[in-house]
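Everything on this sheet refers to the single structure shown next.
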Amino acid sequence: MKSILVIAAHPDDEILGCAGTIAKHINAGDQVNTLILSEGVTSREVIRDREKAKDELSVLANAANKAGKILGVTSTNLECFPDNRMDSCDLLDVVKSIEASINTFIPEVIYTHHGGDLNIDHRVVHEAVMTACRPLPGHSVQSILFFEIPSSTEWQLPFSAPTFMPNWYVNITDTLHLKLEALMAYEAEMRDWPHPRSLRAVEYLSRWRGANVGVEAAEAFILGRRLAN
């Protein structure tokens, strides 16, 4: 059994990025925990107000836990860094939060954001994960994989940041239905077709990534680091 840690910026990123792969790990007997760092929702107002948004935040937290249960994750852990304002936080505070989860779950594999996404929180989380996973002697993490998030990864201009060019694919033909079911738990966060964060678009992307490698459906990643024993 492997310990897997998924580190996401916002509630729903963990599902959009790698839910099919999460379900596949769980079906194989692995233990998966998720860490979601930013609260979501509060960036929709000019001034951040958690009290005003408390009902929406509660709905979002419930959706995260429901989505996790659909997939069978061991735990869903939510932090409260400010939504779409994580560049206003000390990077060290984000790193310390990630390190605490690494020390708790001792993961062999981490899935997290691509460093070239348009969303600033995704980029901060990417940098914080890489800092927390410095390859020191005895560190548990052997593999780090970066996922794509529809409506962020592909919206970044190719000359503004590193382009998402996957070199690692996971066949999710048998777990795609769980990914879509888990996304339905985030109904308030989803959009209508043809928005890239619609159920239809997410399924099309999974089918396209599958077609890239000759299977019915897949999730695509960039392999950041792999230590082979």
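Here, A, B, ... name the chains of the structure tokens in the order displayed, residue numbers run from 1 inside each chain, and ligands are numbered from 1 in the same displayed order.
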
Mind listing the strand (DSSP E) residues of stretch 2-167 of chain A, per DSSP on the backbone, as a PyMOL selection string?
-> chain A and resi 3-8+31-38+75-81+109-113+143-147

Find the residues of stretch 91-174 of chain A that sit at most 10 Å from stretch 206-216 of chain A; for each, write down the nearest two atoms and how far apart they are in Å, to one decimal. Count only C-alpha atoms. Sort by chain, then by number going up, and give it as a tab-separated table.
```
residue	atom	partner	partner_atom	distance
A:Pro166	CA	A:Arg209	CA	9.6
A:Trp168	CA	A:Val213	CA	9.9
A:Tyr169	CA	A:Val213	CA	7.6
A:Val170	CA	A:Gly210	CA	8.5
A:Asn171	CA	A:Val215	CA	6.8
A:Ile172	CA	A:Glu216	CA	7.9
A:Thr173	CA	A:Glu216	CA	5.5
A:Asp174	CA	A:Glu216	CA	9.1
```

Those residues with C-alpha atoms, as a PDB file, in the first residue's frame please?
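Printed below is selection-v8.pdb as written:
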```
ATOM      1  CA  PRO A 166       2.379  16.172 -20.332  1.00  0.00           C
ATOM      2  CA  TRP A 168       2.866  10.993 -17.876  1.00  0.00           C
ATOM      3  CA  TYR A 169      -0.607   9.604 -18.516  1.00  0.00           C
ATOM      4  CA  VAL A 170      -2.906   7.520 -16.311  1.00  0.00           C
ATOM      5  CA  ASN A 171      -5.593   5.363 -17.910  1.00  0.00           C
ATOM      6  CA  ILE A 172      -8.854   6.286 -16.161  1.00  0.00           C
ATOM      7  CA  THR A 173     -11.229   4.441 -18.464  1.00  0.00           C
ATOM      8  CA  ASP A 174     -12.640   2.491 -15.503  1.00  0.00           C
TER       9      ASP A 174
END
```

Go through stretch 87-201 of chain A and flag each residue having an atom no more than 8 Å from stretch 57-67 of chain A; for those, report the closest pair of atoms plus their distance in Å to one decimal, using only C-alpha atoms, ordered by chain and rising number, as JSON lines.
```
{"residue": "A:Glu181", "atom": "CA", "partner": "A:Ala67", "partner_atom": "CA", "distance": 7.9}
{"residue": "A:Ala182", "atom": "CA", "partner": "A:Ala67", "partner_atom": "CA", "distance": 4.5}
{"residue": "A:Leu183", "atom": "CA", "partner": "A:Ala67", "partner_atom": "CA", "distance": 6.9}
{"residue": "A:Ala185", "atom": "CA", "partner": "A:Ala63", "partner_atom": "CA", "distance": 5.3}
{"residue": "A:Tyr186", "atom": "CA", "partner": "A:Ala63", "partner_atom": "CA", "distance": 5.5}
```

Please provide the set of residues having any atom within 10 Å of A:Lys179, restricted to only C-alpha atoms, with same-chain residues fewer than 4 positions apart removed, written as a PDB file with N, CA and C atoms, in the first residue's frame.
```
ATOM      1  N   ILE A  15     -10.349  17.342  -7.759  1.00  0.00           N
ATOM      2  CA  ILE A  15     -11.187  16.492  -8.600  1.00  0.00           C
ATOM      3  C   ILE A  15     -10.913  16.766 -10.077  1.00  0.00           C
ATOM      4  N   LEU A  16     -10.883  18.031 -10.441  1.00  0.00           N
ATOM      5  CA  LEU A  16     -10.586  18.391 -11.824  1.00  0.00           C
ATOM      6  C   LEU A  16      -9.227  17.848 -12.262  1.00  0.00           C
ATOM      7  N   GLY A  17      -8.246  17.930 -11.357  1.00  0.00           N
ATOM      8  CA  GLY A  17      -6.887  17.569 -11.732  1.00  0.00           C
ATOM      9  C   GLY A  17      -6.609  16.089 -11.786  1.00  0.00           C
ATOM     10  N   CYS A  18      -7.149  15.316 -10.833  1.00  0.00           N
ATOM     11  CA  CYS A  18      -6.697  13.920 -10.778  1.00  0.00           C
ATOM     12  C   CYS A  18      -7.665  12.962 -10.109  1.00  0.00           C
ATOM     13  N   ALA A  19      -8.971  13.230 -10.175  1.00  0.00           N
ATOM     14  CA  ALA A  19      -9.924  12.360  -9.479  1.00  0.00           C
ATOM     15  C   ALA A  19      -9.916  10.938 -10.016  1.00  0.00           C
ATOM     16  N   GLY A  20      -9.782  10.789 -11.321  1.00  0.00           N
ATOM     17  CA  GLY A  20      -9.735   9.440 -11.890  1.00  0.00           C
ATOM     18  C   GLY A  20      -8.535   8.664 -11.399  1.00  0.00           C
ATOM     19  N   THR A  21      -7.415   9.361 -11.270  1.00  0.00           N
ATOM     20  CA  THR A  21      -6.190   8.730 -10.766  1.00  0.00           C
ATOM     21  C   THR A  21      -6.318   8.420  -9.276  1.00  0.00           C
ATOM     22  N   ILE A  22      -6.944   9.326  -8.523  1.00  0.00           N
ATOM     23  CA  ILE A  22      -7.206   9.065  -7.101  1.00  0.00           C
ATOM     24  C   ILE A  22      -7.998   7.771  -6.951  1.00  0.00           C
ATOM     25  N   ALA A  23      -9.091   7.663  -7.696  1.00  0.00           N
ATOM     26  CA  ALA A  23      -9.942   6.467  -7.607  1.00  0.00           C
ATOM     27  C   ALA A  23      -9.163   5.212  -7.993  1.00  0.00           C
ATOM     28  N   ALA A  67     -17.274  14.899  -2.210  1.00  0.00           N
ATOM     29  CA  ALA A  67     -16.498  14.433  -3.373  1.00  0.00           C
ATOM     30  C   ALA A  67     -15.445  13.424  -2.940  1.00  0.00           C
ATOM     31  N   ILE A  70     -17.037  10.063  -2.297  1.00  0.00           N
ATOM     32  CA  ILE A  70     -17.386   9.371  -3.544  1.00  0.00           C
ATOM     33  C   ILE A  70     -16.181   8.594  -4.066  1.00  0.00           C
ATOM     34  N   LEU A  71     -15.006   9.203  -3.960  1.00  0.00           N
ATOM     35  CA  LEU A  71     -13.786   8.548  -4.452  1.00  0.00           C
ATOM     36  C   LEU A  71     -13.231   7.546  -3.446  1.00  0.00           C
ATOM     37  N   ILE A 172      -7.738   6.209 -17.112  1.00  0.00           N
ATOM     38  CA  ILE A 172      -8.854   6.286 -16.161  1.00  0.00           C
ATOM     39  C   ILE A 172     -10.162   5.810 -16.810  1.00  0.00           C
ATOM     40  N   THR A 175     -12.468   4.584 -14.234  1.00  0.00           N
ATOM     41  CA  THR A 175     -12.789   5.460 -13.097  1.00  0.00           C
ATOM     42  C   THR A 175     -13.293   6.832 -13.526  1.00  0.00           C
ATOM     43  N   LEU A 183     -17.345  15.424  -9.350  1.00  0.00           N
ATOM     44  CA  LEU A 183     -17.503  16.813  -9.779  1.00  0.00           C
ATOM     45  C   LEU A 183     -18.928  17.307  -9.552  1.00  0.00           C
ATOM     46  N   MET A 184     -19.884  16.424  -9.661  1.00  0.00           N
ATOM     47  CA  MET A 184     -21.272  16.819  -9.442  1.00  0.00           C
ATOM     48  C   MET A 184     -21.514  17.245  -8.003  1.00  0.00           C
ATOM     49  N   LEU A 199     -19.131  19.789 -16.954  1.00  0.00           N
ATOM     50  CA  LEU A 199     -18.993  18.327 -16.949  1.00  0.00           C
ATOM     51  C   LEU A 199     -18.661  17.803 -18.340  1.00  0.00           C
ATOM     52  N   VAL A 202     -15.029  18.554 -19.227  1.00  0.00           N
ATOM     53  CA  VAL A 202     -14.111  17.706 -18.453  1.00  0.00           C
ATOM     54  C   VAL A 202     -14.087  16.292 -19.027  1.00  0.00           C
ATOM     55  N   GLU A 203     -15.258  15.784 -19.395  1.00  0.00           N
ATOM     56  CA  GLU A 203     -15.271  14.456 -20.013  1.00  0.00           C
ATOM     57  C   GLU A 203     -14.553  14.476 -21.356  1.00  0.00           C
ATOM     58  N   SER A 206     -10.866  14.405 -20.815  1.00  0.00           N
ATOM     59  CA  SER A 206     -10.431  13.060 -20.422  1.00  0.00           C
ATOM     60  C   SER A 206     -10.386  12.131 -21.634  1.00  0.00           C
TER      61      SER A 206
END
```
